[in-house]
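Have a look at the structure below before the remarks.
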There are 2 protein chains.
Amino acid sequence: MSILAVGSVAFDCIASPAGRADDVLGGSATYFALAASYFTDVRIVAVVGEDFTAQHEQVFKSHGVDTRGIEHAKGKTFRWGGQYRDNLNEAKTDFTHLNVFEKFQPRIPQAYADSQFLFLGNINPSLQTAVRRGLDGVRLTGGDTMNFWINGARADLLETLKVMNILLINDTEAKMLAGDSSLPRAARKVLAMGPQALVVKHGEYGATIFFREGAFGLGSHPFRAPALPIEEVKDPTGAGDSFAGGFMGYIASQQQLNREVLKRALFYGGVMGSFAVEQFGTERLQTLTRDEIDARFQVFRELTHLE
Amino acid sequence: MSILAVGSVAFDCIASPAGRADDVLGGSATYFALAASYFTDVRIVAVVGEDFTAQHEQVFKSHGVDTRGIEHAKGKTFRWGGQYRDNLNEAKTDFTHLNVFEKFQPRIPQAYADSQFLFLGNINPSLQTAVRRGLDGVRLTGGDTMNFWINGARADLLETLKVMNILLINDTEAKMLAGDSSLPRAARKVLAMGPQALVVKHGEYGATIFFREGAFGLGSHPFRAPALPIEEVKDPTGAGDSFAGGFMGYIASQQQLNREVLKRALFYGGVMGSFAVEQFGTERLQTLTRDEIDARFQVFRELTHLE
């Protein structure tokens, strides 16, 4: 079934120990859409500037992504520059030019009104809430946020969490949101804010999904998926959104929505994140095949599977 | 089969957000021996002072640990004091009084000469090497080390690694030893120094075992075991040695030594580490049952198991 992704499209300038890439297509909606496109139909809502060409749009179209929700505004596309040094888990931002993204007001095309799955990329939480409230047929909403909103727009974010079924954030964000340095305790507090499930991403150590008691089936045991030990991470940019794309894309491709599906989705999230970091920008995500994805899923499975 | 542990016996003063404990029995050999005692017969070589009483020795004896290798020296037992604050993964040392441990020269009793499994706790690498060379019948040697020896006694440590089959260290130590910030690359470099396998402990994220190509069976894919998300870690002291005790103890209890055994051993390592941190000092390790251990093994298995 179709999944609608709302977020940013950007041009990134990235430097890492493996080299650099300039003005490459990026943004949360881009990474998410490409990753999810290997599992299901994807629709995108974002804003771009006049420097966004037909060639850029073709990257989406060639993966079957519906681009009718991309708004073309006067001015330049969102630009971000950052570098990774010794710590590949953290980017040092060189510049952030919001450009047309600064006034982004997501508009959902009529053709997207029947979307059953929704991903709210990391944007202002009040916009996230408005998007969700404007879509009646949505069965499952996943979303992301960051320290900027956790600290700076907490009241708005708490409203958003009431309409989000699954929140996907990292360890630091989860602990910050809950105000608790113990991850399991923090997870319990976040789940009490609204979501039925919380996915906490641990970077090179994988991810854990915590369930609210009784959500998606009986019990409330967490589940953990590993990450692949990768010799050379070229560019971690977009790993989290690619994770979300694999996770949500797999869910949307399934008939059922139960705990076993969510467990497999967590593995597929890790798989897509692991591909994303192998090349700069979205390069690797553009050239994948479903066979490669499923082969790596098996590798991830073997990585923790006892006979 | 019997496993011989060489390391420290200490009295620890520990403070954490959960409280404090003073002069509790600790040390690498103590945590290791108690954890391993649930799987196999354990023998211990360590040195204690005159403040080590029959009651302390009874803690070992009541778990069937052979204490004939504990040397009673004039003076006081090794004492360590430390505290854990926000970051439970790192202790701030308040004091280290080596006392009788300063001149520790491990002496292996004749009754231990037939030991087939050996664990070399974190002591001077030249002592570790001497112990291993003095034991002809050993089939498998596991061992630990730390930044102090990696930086300060590198040449000695490199000799030790040639006689160690499995090295168990944490991420920071592995990267430091290899001089490489990528864990998989660091693992490959460490394996080239001697060990057939390297266990890297990730704290709350579990552990990964890396194999030298062809060691313990075909292939060289790493394997990862999770750690249980624990709401309240009371005292992380000894978690690594308890991990090693579960890991090596399980291996010593098996007829075969192959990759599947090592994978299960990695899970049992995580299980014993997870128990150790639930109470201060060795309190939890003293009161376990094998049923509790196997029940938690199943929880760990479920934590990452796909149908």
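To be explicit about the labels: the chains of the structure tokens are called A, B, and onward in the order shown, and within each one the residues are counted from 1, while ligands get numbers from 1 in the order they are shown.
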
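With only C-alpha atoms taken into account, chain B has B:Pro184, B:Arg185, B:Phe223, B:Arg224, B:Ala225, B:Pro229, B:Glu231, B:Leu303, B:Thr304 at most 6 Å from chain A.
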
For the residues in the current selection, export C-alpha atoms as a short mmCIF file (atom, residue, chain, number, x, y, z; two decimals), in the first residue's frame.
data_model
loop_
_atom_site.label_atom_id
_atom_site.label_comp_id
_atom_site.auth_asym_id
_atom_site.auth_seq_id
_atom_site.Cartn_x
_atom_site.Cartn_y
_atom_site.Cartn_z
CA PRO B 184 35.63 -4.18 11.94
CA ARG B 185 39.03 -3.03 10.68
CA PHE B 223 28.32 -12.79 15.35
CA ARG B 224 26.53 -10.44 17.70
CA ALA B 225 24.64 -11.06 20.94
CA PRO B 229 17.74 -3.30 28.32
CA GLU B 231 15.89 -0.32 33.85
CA LEU B 303 15.15 -10.33 22.00
CA THR B 304 16.64 -10.77 18.51
#

Which residues are close to A:Leu167, i.e. within 12 Å by only C-alpha atoms, leaving aside same-chain residues fewer than 3 positions away? Reply as a PyMOL selection string.
chain A and resi 118-122+140-146+157-158+160-164+170+173-174+177+187+190-191+193-201+208-212+244+247-248

Which residue is closest to A:Glu159? Choose from A:Ser274, A:Asn124, A:Thr237, A:Thr172 and count only C-alpha atoms.
A:Asn124

Using only C-alpha atoms, determine which residues lie at most 6 Å from B:Asp241, disregarding the query and same-chain residues fewer than 2 positions distant; provide the list as a list in words.
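After dropping sequence-adjacent residues, the list is Ser28, Tyr31, Phe32, Gly238, Ala239, Phe243 and Ala244 of chain B.
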
Rounded to one decimal, what separation in Å do you get between atom CA of B:Asn258 and atom CA of B:Ile44?
25.6 Å

Considering only strand (DSSP E) as DSSP defines it on the backbone, what residues of stretch 101-153 of chain B qualify? List them as a PyMOL selection string.
chain B and resi 117-120+140-143

Contacts of B:Phe101 at 6 Å (only C-alpha atoms; same-chain gap of 3+ positions) as a list in words
Phe78, Leu98 and Phe104 of chain B

Using only C-alpha atoms, please write the residues we just selected to a file, as a compact mmCIF listing (two decimals), in the first residue's frame.
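Writing done, so here's again_38.txt:
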# COMPACT_ATOMS: atom_id res chain seq x y z
CA PHE B 78 43.91 -5.07 46.92
CA LEU B 98 47.34 -2.42 45.15
CA PHE B 104 51.56 -10.75 42.66

Work out how far apart atom CA of B:Val59 and atom CA of B:His72 are and give it in Å to one decimal.
16.1 Å

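Once A:Arg85 and its same-chain neighbours fewer than 3 positions away are set aside, A:Ile14, A:Ala15, A:Ser16, A:Pro17, A:Ala18, A:Gly19, A:Arg20, A:Gly82, A:Leu88, A:Asn89, A:Glu90, A:Ala91, A:Lys92, A:Thr93, A:Val233, A:Lys234, A:Asp235, A:Pro236, B:Ser181 remain within 12 Å of it when counting only C-alpha atoms.
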